[in-house]
Amino acid sequence: MDRYAARHFPIAKEEQVFCALLRRNIDGISEQAAHRKWASGYVGNAAGEGFGMGLQIEGGTAWVGALCLQARRWHKGQTAQTVFCLADFNVDAEHRSLGPALALMKAAIAEAETREAAVYGFPNAAARGLVKRAGLIPLGCMQCFGKLLSSRFLGRHHADSHGAEQGFLRRCAARLAPVVDPILWLLDALQTLLRGHGARAYHADFEQPWMDTLWAARDEQLRLSERSAATVAWRYRSDLREGWRVARIDTGKGTPLGYVVWRLNTELAEVGDLFCAQPRAGITAILLAFSPLARREGAMAISLEFLGNAQVAANIRRAGFFSRPTTDEVLGKGISAAEVAVNGYFTGFDRDTH
C-alpha cells in the first residue's frame, strides 16, 4: 500500500502543475480557465497569494493532489484578521481514499493555525464529513432567499415538473400573469414607498472610488470579509464572461448607499453579493431599489444567499424576499457559530472563486 506525504505546495511557482491537477480532477474546467484561476484567484489576489498543501507518494516527487487556501481579510471594527477559504481540493482518481485526503486536509488546517489564521469553507455533501473529521466545526447553514417578480417564472422554472405537467404550469402562469404580475408590481411599489427611502439603482462598474467610501464607513459591529473596490473586482471581474455586473444604489440625494453584484441567469437575477455601509439598517432599501432594475433587465425572480446577523436577514425579508434553510453548511475554525449568528455576514462573495 502506498504511503503519502502532505507537503507545502508553492502555488506561485507551480502554475503548470496546479493547472494540470485542476484539469485532471475538476469536471468542466478548461486549460484557459485553470490558468486564469491560478493568475487571478491566487497570484493576483489583493489579500495575498494564500498557500497550498500538496499530496505526494512517499519518496516520490510528482504531485497527485492538492488543497489550496485562498487568502481573505475579515474586519470587525478596526481589527483585521487574515483568514483562509478552502479551495480547489482535488486528488487524482487512483489516490482518492480516505487516508490521503484526510492527511491533506489536516495538514492544510494545521498550516493555517501556525499562521494564526482562521479557516472556513463551503464543502459539498461528499466532502463535508471529511472536513469535519479534519477539525472544522459547523458555523451555520446558508439561507436561500428568493423574490418573485413575475408569475411566469413559476411555470418556466418548476424544478420538479416535466413534460405535460410543465406545459400545464406554463399555460396557467401565462393566463394568470396579467392579473398576478400587476399585483406583484403594486406590492413592490408600496414597499418601496414605505421602506425604500427614495433609493435608486443604476448600472455601474467594478473598482470605483465610491466602493471604497462605502467600505470605510462599514458597520463596526459586524465581522465582514473585506469589500474594498479592489477586492470586489478581484472576486468578480475574472468571471465577467459569466455576466457578473454591478448595480450601484444611491440615496434620494444621489450619494452612494450600497451595491448589488449580480448576473442574469435564464430570467433569474442571481445576486452574488450585496453590501451597504450599515447592512442592519439599509439592506431593505438596497434590495427594493434593485428590484425595478432587475425587472427592466428581464428578470422574473431574484435569488441570493446569506448567513449571519439576524437583523440583516430580517431586513432582506422586509424587501419582499422569502427564505428557506438549506443543508449548505459553512464549516470553520478560529470563529464560533455564536459569533457568526450575532455578528456574521456571509454571502456568495465569501465562496471560493469560480
# chains A, B, ... in the order shown; residues from 1 in each chain; ligands from 1
$ residues_around --residues "Leu22 of chain A" --least-positions-apart "2" --cutoff "12 Å" --atoms "only C-alpha atoms" --output "PyMOL selection string"
chain A and resi 15-20+24-38+63-68+87-92+354
$ write_last_selection --atoms "N, CA and C atoms" --output "CSV table (one decimal), in the first residue's frame"
chain,number,residue,atom,x,y,z
A,15,GLU,N,2.6,26.9,-11.5
A,15,GLU,CA,1.5,27.2,-12.4
A,15,GLU,C,1.1,25.9,-13.2
A,16,GLN,N,2.1,25.3,-13.9
A,16,GLN,CA,1.7,24.2,-14.8
A,16,GLN,C,1.2,23.0,-14.0
A,17,VAL,N,1.8,22.7,-12.8
A,17,VAL,CA,1.3,21.6,-12.0
A,17,VAL,C,-0.1,21.9,-11.5
A,18,PHE,N,-0.3,23.1,-10.9
A,18,PHE,CA,-1.6,23.5,-10.4
A,18,PHE,C,-2.6,23.3,-11.5
A,19,CYS,N,-2.4,23.8,-12.7
A,19,CYS,CA,-3.4,23.8,-13.7
A,19,CYS,C,-3.7,22.4,-14.2
A,20,ALA,N,-2.6,21.6,-14.3
A,20,ALA,CA,-2.8,20.2,-14.7
A,20,ALA,C,-3.6,19.4,-13.7
A,24,ARG,N,-7.3,17.7,-14.5
A,24,ARG,CA,-7.5,16.2,-14.3
A,24,ARG,C,-8.7,15.9,-13.4
A,25,ASN,N,-8.9,16.8,-12.4
A,25,ASN,CA,-9.7,16.4,-11.3
A,25,ASN,C,-11.0,17.2,-11.1
A,26,ILE,N,-11.1,18.3,-11.8
A,26,ILE,CA,-12.3,19.2,-11.6
A,26,ILE,C,-13.0,19.2,-13.0
A,27,ASP,N,-14.2,18.6,-13.0
A,27,ASP,CA,-15.0,18.5,-14.2
A,27,ASP,C,-15.3,19.8,-14.8
A,28,GLY,N,-15.1,19.9,-16.2
A,28,GLY,CA,-15.6,21.1,-16.9
A,28,GLY,C,-14.6,22.2,-16.9
A,29,ILE,N,-13.5,22.1,-16.3
A,29,ILE,CA,-12.5,23.3,-16.3
A,29,ILE,C,-11.6,23.2,-17.5
A,30,SER,N,-11.5,24.2,-18.3
A,30,SER,CA,-10.6,24.2,-19.4
A,30,SER,C,-9.2,24.6,-19.1
A,31,GLU,N,-8.3,24.5,-20.0
A,31,GLU,CA,-6.9,24.9,-19.7
A,31,GLU,C,-6.9,26.4,-19.5
A,32,GLN,N,-7.6,27.1,-20.3
A,32,GLN,CA,-7.7,28.6,-20.1
A,32,GLN,C,-8.2,29.0,-18.8
A,33,ALA,N,-9.3,28.3,-18.4
A,33,ALA,CA,-9.9,28.6,-17.1
A,33,ALA,C,-9.0,28.3,-15.9
A,34,ALA,N,-8.3,27.2,-16.0
A,34,ALA,CA,-7.3,26.8,-15.0
A,34,ALA,C,-6.2,27.8,-14.8
A,35,HIS,N,-5.7,28.3,-15.9
A,35,HIS,CA,-4.6,29.3,-15.8
A,35,HIS,C,-5.1,30.6,-15.3
A,36,ARG,N,-6.4,31.0,-15.7
A,36,ARG,CA,-7.0,32.2,-15.2
A,36,ARG,C,-7.2,32.1,-13.7
A,37,LYS,N,-7.6,30.9,-13.2
A,37,LYS,CA,-7.8,30.7,-11.8
A,37,LYS,C,-6.5,30.8,-11.0
A,38,TRP,N,-5.4,30.3,-11.6
A,38,TRP,CA,-4.1,30.5,-10.9
A,38,TRP,C,-3.7,31.9,-10.9
A,63,TRP,N,3.2,15.5,-7.8
A,63,TRP,CA,2.0,15.9,-7.0
A,63,TRP,C,0.8,15.1,-7.5
A,64,VAL,N,0.1,14.4,-6.6
A,64,VAL,CA,-1.1,13.6,-7.0
A,64,VAL,C,-2.3,14.2,-6.4
A,65,GLY,N,-2.2,15.4,-5.8
A,65,GLY,CA,-3.4,16.1,-5.3
A,65,GLY,C,-3.0,17.3,-4.6
A,66,ALA,N,-3.9,18.2,-4.3
A,66,ALA,CA,-3.6,19.4,-3.7
A,66,ALA,C,-4.9,20.0,-3.0
A,67,LEU,N,-4.7,20.8,-2.0
A,67,LEU,CA,-5.7,21.6,-1.4
A,67,LEU,C,-5.2,23.0,-1.2
A,68,CYS,N,-5.8,23.9,-1.9
A,68,CYS,CA,-5.3,25.3,-1.8
A,68,CYS,C,-6.2,26.2,-0.9
A,87,ALA,N,-10.2,25.8,-0.9
A,87,ALA,CA,-10.5,25.9,-2.3
A,87,ALA,C,-9.7,24.9,-3.1
A,88,ASP,N,-10.3,24.5,-4.2
A,88,ASP,CA,-9.6,23.6,-5.2
A,88,ASP,C,-9.0,22.4,-4.6
A,89,PHE,N,-9.8,21.7,-3.8
A,89,PHE,CA,-9.4,20.4,-3.2
A,89,PHE,C,-9.6,19.4,-4.3
A,90,ASN,N,-8.5,18.7,-4.7
A,90,ASN,CA,-8.6,17.7,-5.7
A,90,ASN,C,-7.5,16.7,-5.6
A,91,VAL,N,-7.8,15.4,-5.8
A,91,VAL,CA,-6.9,14.3,-5.7
A,91,VAL,C,-7.1,13.4,-7.0
A,92,ASP,N,-6.0,13.0,-7.6
A,92,ASP,CA,-6.1,12.1,-8.7
A,92,ASP,C,-6.9,10.8,-8.4
A,354,HIS,N,-14.7,31.1,-8.7
A,354,HIS,CA,-15.0,30.0,-9.7
A,354,HIS,C,-13.9,29.8,-10.7
$ residues_around --residues "Ala281 of chain A" --least-positions-apart "3" --cutoff "12 Å" --atoms "only C-alpha atoms" --output "list in words"
Arg195, Gly196, His197, Arg218, Asp219, Leu257, Gly258, Phe275, Cys276, Ala277, Gln278, Thr284, Ala285, Ile286, Leu287, Asn309, Ala310, Gln311, Val312, Ala313, Ala314, Asn315, Ile316, Arg318 and Ala319 of chain A
$ write_last_selection --atoms "N, CA and C atoms" --output "PDB file, in the first residue's frame"
ATOM      1  N   ARG A 195     -40.582  51.857   2.552  1.00  0.00           N
ATOM      2  CA  ARG A 195     -39.307  51.453   3.137  1.00  0.00           C
ATOM      3  C   ARG A 195     -38.094  51.741   2.249  1.00  0.00           C
ATOM      4  N   GLY A 196     -38.348  52.263   1.065  1.00  0.00           N
ATOM      5  CA  GLY A 196     -37.238  52.446   0.129  1.00  0.00           C
ATOM      6  C   GLY A 196     -36.427  53.706   0.333  1.00  0.00           C
ATOM      7  N   HIS A 197     -36.984  54.683   1.060  1.00  0.00           N
ATOM      8  CA  HIS A 197     -36.274  55.934   1.381  1.00  0.00           C
ATOM      9  C   HIS A 197     -35.736  56.637   0.140  1.00  0.00           C
ATOM     10  N   ARG A 218     -18.151  51.222   7.041  1.00  0.00           N
ATOM     11  CA  ARG A 218     -18.833  49.960   7.375  1.00  0.00           C
ATOM     12  C   ARG A 218     -19.242  49.884   8.848  1.00  0.00           C
ATOM     13  N   ASP A 219     -20.242  49.052   9.081  1.00  0.00           N
ATOM     14  CA  ASP A 219     -20.747  48.767  10.423  1.00  0.00           C
ATOM     15  C   ASP A 219     -19.645  48.082  11.232  1.00  0.00           C
ATOM     16  N   LEU A 257     -25.305  54.513  -1.543  1.00  0.00           N
ATOM     17  CA  LEU A 257     -25.854  53.822  -0.373  1.00  0.00           C
ATOM     18  C   LEU A 257     -25.316  52.400  -0.279  1.00  0.00           C
ATOM     19  N   GLY A 258     -25.106  51.751  -1.416  1.00  0.00           N
ATOM     20  CA  GLY A 258     -24.630  50.381  -1.422  1.00  0.00           C
ATOM     21  C   GLY A 258     -24.539  49.861  -2.836  1.00  0.00           C
ATOM     22  N   PHE A 275     -24.112  44.806  -0.433  1.00  0.00           N
ATOM     23  CA  PHE A 275     -23.416  45.464   0.665  1.00  0.00           C
ATOM     24  C   PHE A 275     -23.847  46.914   0.763  1.00  0.00           C
ATOM     25  N   CYS A 276     -23.956  47.390   1.975  1.00  0.00           N
ATOM     26  CA  CYS A 276     -24.076  48.816   2.239  1.00  0.00           C
ATOM     27  C   CYS A 276     -23.335  49.088   3.540  1.00  0.00           C
ATOM     28  N   ALA A 277     -23.062  50.354   3.821  1.00  0.00           N
ATOM     29  CA  ALA A 277     -22.240  50.684   4.981  1.00  0.00           C
ATOM     30  C   ALA A 277     -22.869  50.200   6.289  1.00  0.00           C
ATOM     31  N   GLN A 278     -24.194  50.234   6.355  1.00  0.00           N
ATOM     32  CA  GLN A 278     -24.903  49.806   7.568  1.00  0.00           C
ATOM     33  C   GLN A 278     -25.938  48.741   7.190  1.00  0.00           C
ATOM     34  N   THR A 284     -32.782  46.611   3.291  1.00  0.00           N
ATOM     35  CA  THR A 284     -34.132  46.638   2.710  1.00  0.00           C
ATOM     36  C   THR A 284     -34.201  47.631   1.559  1.00  0.00           C
ATOM     37  N   ALA A 285     -33.709  48.849   1.789  1.00  0.00           N
ATOM     38  CA  ALA A 285     -33.740  49.873   0.738  1.00  0.00           C
ATOM     39  C   ALA A 285     -32.893  49.466  -0.461  1.00  0.00           C
ATOM     40  N   ILE A 286     -31.753  48.822  -0.203  1.00  0.00           N
ATOM     41  CA  ILE A 286     -30.876  48.358  -1.294  1.00  0.00           C
ATOM     42  C   ILE A 286     -31.638  47.405  -2.214  1.00  0.00           C
ATOM     43  N   LEU A 287     -32.309  46.423  -1.627  1.00  0.00           N
ATOM     44  CA  LEU A 287     -32.987  45.404  -2.421  1.00  0.00           C
ATOM     45  C   LEU A 287     -34.260  45.932  -3.075  1.00  0.00           C
ATOM     46  N   ASN A 309     -25.974  37.813  10.775  1.00  0.00           N
ATOM     47  CA  ASN A 309     -26.756  38.629  11.698  1.00  0.00           C
ATOM     48  C   ASN A 309     -28.255  38.535  11.417  1.00  0.00           C
ATOM     49  N   ALA A 310     -29.045  38.291  12.457  1.00  0.00           N
ATOM     50  CA  ALA A 310     -30.483  38.076  12.296  1.00  0.00           C
ATOM     51  C   ALA A 310     -31.204  39.333  11.813  1.00  0.00           C
ATOM     52  N   GLN A 311     -30.718  40.511  12.184  1.00  0.00           N
ATOM     53  CA  GLN A 311     -31.360  41.756  11.741  1.00  0.00           C
ATOM     54  C   GLN A 311     -31.201  41.941  10.229  1.00  0.00           C
ATOM     55  N   VAL A 312     -30.011  41.591   9.715  1.00  0.00           N
ATOM     56  CA  VAL A 312     -29.794  41.675   8.269  1.00  0.00           C
ATOM     57  C   VAL A 312     -30.745  40.725   7.556  1.00  0.00           C
ATOM     58  N   ALA A 313     -30.841  39.498   8.053  1.00  0.00           N
ATOM     59  CA  ALA A 313     -31.741  38.510   7.435  1.00  0.00           C
ATOM     60  C   ALA A 313     -33.187  38.994   7.468  1.00  0.00           C
ATOM     61  N   ALA A 314     -33.600  39.578   8.586  1.00  0.00           N
ATOM     62  CA  ALA A 314     -34.972  40.077   8.698  1.00  0.00           C
ATOM     63  C   ALA A 314     -35.230  41.200   7.705  1.00  0.00           C
ATOM     64  N   ASN A 315     -34.237  42.051   7.478  1.00  0.00           N
ATOM     65  CA  ASN A 315     -34.422  43.167   6.561  1.00  0.00           C
ATOM     66  C   ASN A 315     -34.373  42.734   5.101  1.00  0.00           C
ATOM     67  N   ILE A 316     -33.753  41.609   4.817  1.00  0.00           N
ATOM     68  CA  ILE A 316     -33.864  41.030   3.469  1.00  0.00           C
ATOM     69  C   ILE A 316     -35.311  40.605   3.240  1.00  0.00           C
ATOM     70  N   ARG A 318     -37.927  41.839   4.646  1.00  0.00           N
ATOM     71  CA  ARG A 318     -38.775  43.039   4.574  1.00  0.00           C
ATOM     72  C   ARG A 318     -38.797  43.629   3.167  1.00  0.00           C
ATOM     73  N   ALA A 319     -37.848  43.262   2.350  1.00  0.00           N
ATOM     74  CA  ALA A 319     -37.830  43.732   0.962  1.00  0.00           C
ATOM     75  C   ALA A 319     -38.635  42.821   0.041  1.00  0.00           C
TER      76      ALA A 319
END
$ residues_around --residues "Lys147 of chain A" --least-positions-apart "6" --cutoff "12 Å" --atoms "only C-alpha atoms" --output "short mmCIF file (atom, residue, chain, number, x, y, z; two decimals) with N, CA and C atoms, in the first residue's frame"
data_model
loop_
_atom_site.label_atom_id
_atom_site.label_comp_id
_atom_site.auth_asym_id
_atom_site.auth_seq_id
_atom_site.Cartn_x
_atom_site.Cartn_y
_atom_site.Cartn_z
N PHE A 153 -42.41 33.06 -14.02
CA PHE A 153 -41.22 32.34 -13.59
C PHE A 153 -41.57 30.97 -13.03
N LEU A 154 -42.70 30.86 -12.32
CA LEU A 154 -43.10 29.59 -11.72
C LEU A 154 -43.38 28.54 -12.78
N LEU A 184 -48.08 41.98 -8.02
CA LEU A 184 -46.70 41.90 -7.53
C LEU A 184 -46.01 43.25 -7.67
N TRP A 185 -46.25 43.91 -8.81
CA TRP A 185 -45.63 45.22 -9.04
C TRP A 185 -46.15 46.25 -8.03
N LEU A 187 -47.45 45.70 -5.02
CA LEU A 187 -46.93 45.40 -3.69
C LEU A 187 -45.50 45.90 -3.55
N ASP A 188 -44.71 45.69 -4.61
CA ASP A 188 -43.33 46.16 -4.59
C ASP A 188 -43.28 47.68 -4.52
N LEU A 268 -33.48 34.69 -14.13
CA LEU A 268 -33.28 34.78 -12.68
C LEU A 268 -32.13 35.73 -12.41
N ALA A 269 -32.38 36.76 -11.63
CA ALA A 269 -31.32 37.66 -11.20
C ALA A 269 -30.61 37.02 -10.01
N GLU A 270 -29.44 36.49 -10.26
CA GLU A 270 -28.66 35.79 -9.23
C GLU A 270 -27.73 36.80 -8.57
N VAL A 271 -27.94 37.06 -7.28
CA VAL A 271 -27.13 38.04 -6.55
C VAL A 271 -25.92 37.33 -5.95
N LEU A 287 -32.31 46.42 -1.63
CA LEU A 287 -32.99 45.40 -2.42
C LEU A 287 -34.26 45.93 -3.07
N LEU A 288 -34.96 46.83 -2.40
CA LEU A 288 -36.14 47.42 -3.02
C LEU A 288 -35.76 48.28 -4.22
N PHE A 290 -33.10 47.71 -6.09
CA PHE A 290 -32.58 46.81 -7.11
C PHE A 290 -33.69 46.11 -7.90
N SER A 291 -34.82 45.83 -7.26
CA SER A 291 -35.88 45.05 -7.91
C SER A 291 -36.36 45.66 -9.23
N ALA A 294 -33.76 45.03 -11.93
CA ALA A 294 -33.76 43.63 -12.36
C ALA A 294 -34.93 43.35 -13.29
N ARG A 295 -36.10 43.92 -12.98
CA ARG A 295 -37.27 43.76 -13.85
C ARG A 295 -36.99 44.32 -15.25
N ALA A 299 -35.47 40.13 -15.63
CA ALA A 299 -35.55 39.13 -14.56
C ALA A 299 -36.99 38.91 -14.12
N MET A 300 -37.33 37.65 -13.86
CA MET A 300 -38.65 37.30 -13.35
C MET A 300 -38.60 36.92 -11.86
N ALA A 301 -37.39 36.79 -11.35
CA ALA A 301 -37.21 36.47 -9.93
C ALA A 301 -35.80 36.87 -9.54
N ILE A 302 -35.59 37.00 -8.23
CA ILE A 302 -34.27 37.32 -7.69
C ILE A 302 -33.92 36.27 -6.65
N SER A 303 -32.67 35.83 -6.64
CA SER A 303 -32.21 34.89 -5.61
C SER A 303 -30.92 35.40 -4.99
N LEU A 304 -30.75 35.13 -3.72
CA LEU A 304 -29.49 35.44 -3.03
C LEU A 304 -29.34 34.50 -1.86
N GLU A 305 -28.14 34.45 -1.30
CA GLU A 305 -27.89 33.61 -0.12
C GLU A 305 -27.21 34.45 0.95
N ILE A 316 -33.75 41.61 4.82
CA ILE A 316 -33.86 41.03 3.47
C ILE A 316 -35.31 40.61 3.24
N ARG A 317 -35.91 39.96 4.23
CA ARG A 317 -37.32 39.54 4.11
C ARG A 317 -38.24 40.75 3.97
N ARG A 318 -37.93 41.84 4.65
CA ARG A 318 -38.78 43.04 4.57
C ARG A 318 -38.80 43.63 3.17
N ALA A 319 -37.85 43.26 2.35
CA ALA A 319 -37.83 43.73 0.96
C ALA A 319 -38.63 42.82 0.04
N GLY A 320 -39.43 41.91 0.63
CA GLY A 320 -40.29 41.04 -0.17
C GLY A 320 -39.70 39.69 -0.49
N PHE A 321 -38.65 39.29 0.21
CA PHE A 321 -38.00 38.01 -0.04
C PHE A 321 -38.52 36.95 0.92
N PHE A 322 -38.66 35.75 0.40
CA PHE A 322 -38.96 34.58 1.21
C PHE A 322 -37.67 33.80 1.41
N SER A 323 -37.56 33.11 2.52
CA SER A 323 -36.33 32.37 2.79
C SER A 323 -36.64 30.92 3.11
N ARG A 324 -35.66 30.10 2.84
CA ARG A 324 -35.74 28.70 3.24
C ARG A 324 -34.35 28.26 3.67
#
$ select_by_dssp --residues "segment 10-130 of chain A" --states "alpha helix (DSSP H)" --output "MDAnalysis selection string"
chainID A and resid 15:25 31:36 98:114 125:130
$ closest_residue --among "A:Ala80, A:Leu264, A:Ala233, A:Gly272" --to "Ser40 of chain A" --atoms "only C-alpha atoms"
A:Ala233
$ select_by_dssp --residues "segment 45-288 of chain A" --states "strand (DSSP E or B)" --output "PyMOL selection string"
chain A and resi 51-57+63-76+79-91+118-121+137-148+200-204+224-225+245-250+256-265+268-276
$ residues_around --residues "Leu139 of chain A" --least-positions-apart "3" --cutoff "6 Å" --atoms "only C-alpha atoms" --output "PyMOL selection string"
chain A and resi 330-331+337
$ residues_around --residues "Gly41 of chain A" --least-positions-apart "6" --cutoff "8 Å" --atoms "only C-alpha atoms" --output "PyMOL selection string"
chain A and resi 70+234-235+353
$ closest_residue --among "A:Pro138, A:Gly252, A:Gly48, A:Gly59" --to "Arg73 of chain A" --atoms "only C-alpha atoms"
A:Gly48
$ atom_distance --atom1 "atom CA of Ser336 of chain A" --atom2 "atom CA of His75 of chain A"
15.3 Å
$ residues_around --residues "Arg248 of chain A" --least-positions-apart "6" --cutoff "7 Å" --atoms "only C-alpha atoms" --output "MDAnalysis selection string"
chainID A and resid 201:204 258:260
$ closest_residue --among "A:Ala47, A:Leu293, A:Met105, A:Ala217" --to "Arg133 of chain A" --atoms "only C-alpha atoms"
A:Met105
$ atom_distance --atom1 "atom CA of Ile11 of chain A" --atom2 "atom CA of Gly54 of chain A"
9.6 Å
$ closest_residue --among "A:Ala134, A:Ala46, A:Leu222, A:Val342" --to "Leu104 of chain A" --atoms "only C-alpha atoms"
A:Ala134
$ decode --residues "segment 254-326 of chain A" --atoms "C-alpha atoms" --output "PDB file, in the first residue's frame"
ATOM      1  CA  GLY A 254     -27.648  60.930  -5.082  1.00  0.00           C
ATOM      2  CA  THR A 255     -24.987  59.727  -2.654  1.00  0.00           C
ATOM      3  CA  PRO A 256     -23.890  56.046  -2.741  1.00  0.00           C
ATOM      4  CA  LEU A 257     -25.854  53.822  -0.373  1.00  0.00           C
ATOM      5  CA  GLY A 258     -24.630  50.381  -1.422  1.00  0.00           C
ATOM      6  CA  TYR A 259     -24.308  47.945  -4.280  1.00  0.00           C
ATOM      7  CA  VAL A 260     -25.539  44.621  -5.630  1.00  0.00           C
ATOM      8  CA  VAL A 261     -23.265  42.336  -7.666  1.00  0.00           C
ATOM      9  CA  TRP A 262     -25.477  40.187  -9.855  1.00  0.00           C
ATOM     10  CA  ARG A 263     -25.951  38.369 -13.134  1.00  0.00           C
ATOM     11  CA  LEU A 264     -28.969  37.359 -15.204  1.00  0.00           C
ATOM     12  CA  ASN A 265     -29.259  33.594 -15.434  1.00  0.00           C
ATOM     13  CA  THR A 266     -32.224  32.458 -17.547  1.00  0.00           C
ATOM     14  CA  GLU A 267     -34.600  35.147 -16.242  1.00  0.00           C
ATOM     15  CA  LEU A 268     -33.283  34.776 -12.681  1.00  0.00           C
ATOM     16  CA  ALA A 269     -31.320  37.664 -11.198  1.00  0.00           C
ATOM     17  CA  GLU A 270     -28.663  35.791  -9.231  1.00  0.00           C
ATOM     18  CA  VAL A 271     -27.132  38.036  -6.551  1.00  0.00           C
ATOM     19  CA  GLY A 272     -23.502  37.232  -5.768  1.00  0.00           C
ATOM     20  CA  ASP A 273     -23.041  39.938  -3.151  1.00  0.00           C
ATOM     21  CA  LEU A 274     -24.873  42.869  -1.632  1.00  0.00           C
ATOM     22  CA  PHE A 275     -23.416  45.464   0.665  1.00  0.00           C
ATOM     23  CA  CYS A 276     -24.076  48.816   2.239  1.00  0.00           C
ATOM     24  CA  ALA A 277     -22.240  50.684   4.981  1.00  0.00           C
ATOM     25  CA  GLN A 278     -24.903  49.806   7.568  1.00  0.00           C
ATOM     26  CA  PRO A 279     -26.437  46.467   6.469  1.00  0.00           C
ATOM     27  CA  ARG A 280     -28.564  46.084   9.591  1.00  0.00           C
ATOM     28  CA  ALA A 281     -30.481  49.215   8.581  1.00  0.00           C
ATOM     29  CA  GLY A 282     -30.004  49.698   4.853  1.00  0.00           C
ATOM     30  CA  ILE A 283     -30.353  46.282   3.202  1.00  0.00           C
ATOM     31  CA  THR A 284     -34.132  46.638   2.710  1.00  0.00           C
ATOM     32  CA  ALA A 285     -33.740  49.873   0.738  1.00  0.00           C
ATOM     33  CA  ILE A 286     -30.876  48.358  -1.294  1.00  0.00           C
ATOM     34  CA  LEU A 287     -32.987  45.404  -2.421  1.00  0.00           C
ATOM     35  CA  LEU A 288     -36.143  47.420  -3.020  1.00  0.00           C
ATOM     36  CA  ALA A 289     -34.168  49.746  -5.294  1.00  0.00           C
ATOM     37  CA  PHE A 290     -32.577  46.812  -7.108  1.00  0.00           C
ATOM     38  CA  SER A 291     -35.881  45.052  -7.906  1.00  0.00           C
ATOM     39  CA  PRO A 292     -37.078  47.529 -10.605  1.00  0.00           C
ATOM     40  CA  LEU A 293     -33.659  47.440 -12.284  1.00  0.00           C
ATOM     41  CA  ALA A 294     -33.757  43.631 -12.356  1.00  0.00           C
ATOM     42  CA  ARG A 295     -37.268  43.761 -13.853  1.00  0.00           C
ATOM     43  CA  ARG A 296     -36.146  46.150 -16.581  1.00  0.00           C
ATOM     44  CA  GLU A 297     -33.300  43.782 -17.460  1.00  0.00           C
ATOM     45  CA  GLY A 298     -35.726  40.869 -17.926  1.00  0.00           C
ATOM     46  CA  ALA A 299     -35.546  39.131 -14.555  1.00  0.00           C
ATOM     47  CA  MET A 300     -38.649  37.305 -13.346  1.00  0.00           C
ATOM     48  CA  ALA A 301     -37.212  36.468  -9.931  1.00  0.00           C
ATOM     49  CA  ILE A 302     -34.272  37.324  -7.685  1.00  0.00           C
ATOM     50  CA  SER A 303     -32.214  34.895  -5.610  1.00  0.00           C
ATOM     51  CA  LEU A 304     -29.490  35.440  -3.034  1.00  0.00           C
ATOM     52  CA  GLU A 305     -27.885  33.611  -0.121  1.00  0.00           C
ATOM     53  CA  PHE A 306     -26.955  34.852   3.321  1.00  0.00           C
ATOM     54  CA  LEU A 307     -25.758  33.611   6.696  1.00  0.00           C
ATOM     55  CA  GLY A 308     -25.191  35.812   9.695  1.00  0.00           C
ATOM     56  CA  ASN A 309     -26.756  38.629  11.698  1.00  0.00           C
ATOM     57  CA  ALA A 310     -30.483  38.076  12.296  1.00  0.00           C
ATOM     58  CA  GLN A 311     -31.360  41.756  11.741  1.00  0.00           C
ATOM     59  CA  VAL A 312     -29.794  41.675   8.269  1.00  0.00           C
ATOM     60  CA  ALA A 313     -31.741  38.510   7.435  1.00  0.00           C
ATOM     61  CA  ALA A 314     -34.972  40.077   8.698  1.00  0.00           C
ATOM     62  CA  ASN A 315     -34.422  43.167   6.561  1.00  0.00           C
ATOM     63  CA  ILE A 316     -33.864  41.030   3.469  1.00  0.00           C
ATOM     64  CA  ARG A 317     -37.316  39.542   4.112  1.00  0.00           C
ATOM     65  CA  ARG A 318     -38.775  43.039   4.574  1.00  0.00           C
ATOM     66  CA  ALA A 319     -37.830  43.732   0.962  1.00  0.00           C
ATOM     67  CA  GLY A 320     -40.291  41.038  -0.167  1.00  0.00           C
ATOM     68  CA  PHE A 321     -38.000  38.009  -0.044  1.00  0.00           C
ATOM     69  CA  PHE A 322     -38.963  34.581   1.213  1.00  0.00           C
ATOM     70  CA  SER A 323     -36.332  32.370   2.788  1.00  0.00           C
ATOM     71  CA  ARG A 324     -35.739  28.701   3.240  1.00  0.00           C
ATOM     72  CA  PRO A 325     -32.955  26.913   5.120  1.00  0.00           C
ATOM     73  CA  THR A 326     -30.516  24.780   3.168  1.00  0.00           C
TER      74      THR A 326
END
